[in-house]
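Encoded as structure tokens, the structure appears first; notes follow it.
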Amino acid sequence: KAIIKRGIKEQVEVQLADGTGKFDYASLLGGASVVRDGVRRTSLSLVDDLPVLNKILSAGRMRFYGHSAEVALVPTYPKDSLGQCWSFESEDVSKLRKGKYRVAKDDGELGSSEAERADDVGVYATLMVRLSGPVYVSSVVLEHPPKEISTDMETAVQDVRVLGFEDGDGVGDAWELGRFRYEIDSEDWAQEFYVATEVDGERVPPLHSIMLAIDSNWGSDYSCLYRFRVHGRLP
């Protein structure tokens, strides 16, 4: 019983660290997960895309290259700490470095040794999240540490698009929920963006997955996303 009580207390404390009073349907603690398959799959993390030598250094904790995308779906605790980030670089940079950049073939078509990608994924990178369940989405939140504790504000994401899917794996037609910009000069380090609830006169249905299409960052050669939240209500 003592172990159960301690576990419940720790979960409550972590949820209180959010300070929003809203349930996060993109939280791993609530049952959400990162989608890593399909044409709208989540982009590779920097640590996933390293040369062999760098992976050895990372595994031996001699160099640090950030974390996988899952860390962007858990609370920063304590809430005034730097936290952990999903670190990633532009997919184009990754492909160029690996010699897998898409190039024109003789017939004018584009060829690539990379797996197929949907046209609506992020220009820079993509985070696809299977929510804890179907939900009427009302807003999303992006987080980056404030200037007082951030080591590099230029790693913050800049322009993003939010797309929703009735399917849990991001399959099928997308509901375009909005285009937004994370402002690094804002006093709010956790910036909330209210999404469209109606598109072309049609009400957006409950969505089971959300895609954060990241189109740019603030100038660094890689990016860090510390938290991505999804708020709304159950059907």
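Scheme for the structure tokens: letters A, B, ... for chains in order shown; per-chain residue numbers from 1; ligand numbers from 1 in order shown.
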For this session: Extract, using only C-alpha atoms, all DNA, RNA and protein residues at most 12 Å from A:Trp218, discarding same-chain residues fewer than 4 positions from it, and format them as an MDAnalysis selection string.
Result: chainID A and resid 124 144 152:160 181:185 214 222:224
Problem set entry | Nearest-residue call for A:Phe228, choices A:Leu131, A:Val140, A:Ser68, A:Ser90, using only C-alpha atoms |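 When distances to A:Phe228 are compared using only C-alpha atoms, the smallest one comes from A:Val140.
Residues surrounding A:Trp175 within 7 Å are Leu163, Gly164 and Phe165 of chain A [only C-alpha atoms; sequence separation below 6 positions excluded].
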Problem set entry | Pick from A:Asp24, A:Glu116, A:Glu166, A:Glu148, whichever lies nearest to A:Pro205 using only C-alpha atoms | A:Glu166
Exercise. Which polymer residues have any atom within 8 Å of an atom of A:Pro235, counting only C-alpha atoms, with same-chain residues fewer than 3 positions away left out, as a list in words?
Worked result: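 Final neighbour list, sorted by chain and number: Pro134, Val135, Tyr136 and Pro206 of chain A.
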For this session: For atom CA of A:Leu177 and atom CA of A:Ile210, determine how far apart the two atoms are, in Å to one decimal place.
Result: 9.6 Å
Problem set entry | Minimum-distance residue to A:Gly30, chosen among A:Ser209, A:Ser132, A:Ser138, A:Thr151 (using only C-alpha atoms) | A:Ser132
Tell me, as a PDB file with N, CA and C atoms, in the first residue's frame, which residues lie within 8 Å of A:Glu192, counting only C-alpha atoms; anything in the same chain fewer than 4 positions away does not count.
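Just written: around-v2.pdb:
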ATOM      1  N   SER A 139      -6.800  22.993 -28.414  1.00  0.00           N
ATOM      2  CA  SER A 139      -5.557  23.766 -28.453  1.00  0.00           C
ATOM      3  C   SER A 139      -4.353  22.841 -28.323  1.00  0.00           C
ATOM      4  N   VAL A 140      -3.196  23.381 -28.692  1.00  0.00           N
ATOM      5  CA  VAL A 140      -1.925  22.687 -28.494  1.00  0.00           C
ATOM      6  C   VAL A 140      -0.974  23.647 -27.799  1.00  0.00           C
ATOM      7  N   VAL A 141       0.015  23.103 -27.118  1.00  0.00           N
ATOM      8  CA  VAL A 141       0.990  23.917 -26.400  1.00  0.00           C
ATOM      9  C   VAL A 141       2.395  23.476 -26.802  1.00  0.00           C
ATOM     10  N   LEU A 142       3.259  24.462 -27.079  1.00  0.00           N
ATOM     11  CA  LEU A 142       4.672  24.215 -27.351  1.00  0.00           C
ATOM     12  C   LEU A 142       5.491  24.841 -26.235  1.00  0.00           C
TER      13      LEU A 142
END
Exercise. Nearest to A:Asp169: which of A:Gly219, A:Gly122, A:Gly232, A:Gly133 is it, counting only C-alpha atoms?
Worked result: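 Counting only C-alpha atoms, the residue closest to A:Asp169 is A:Gly133.
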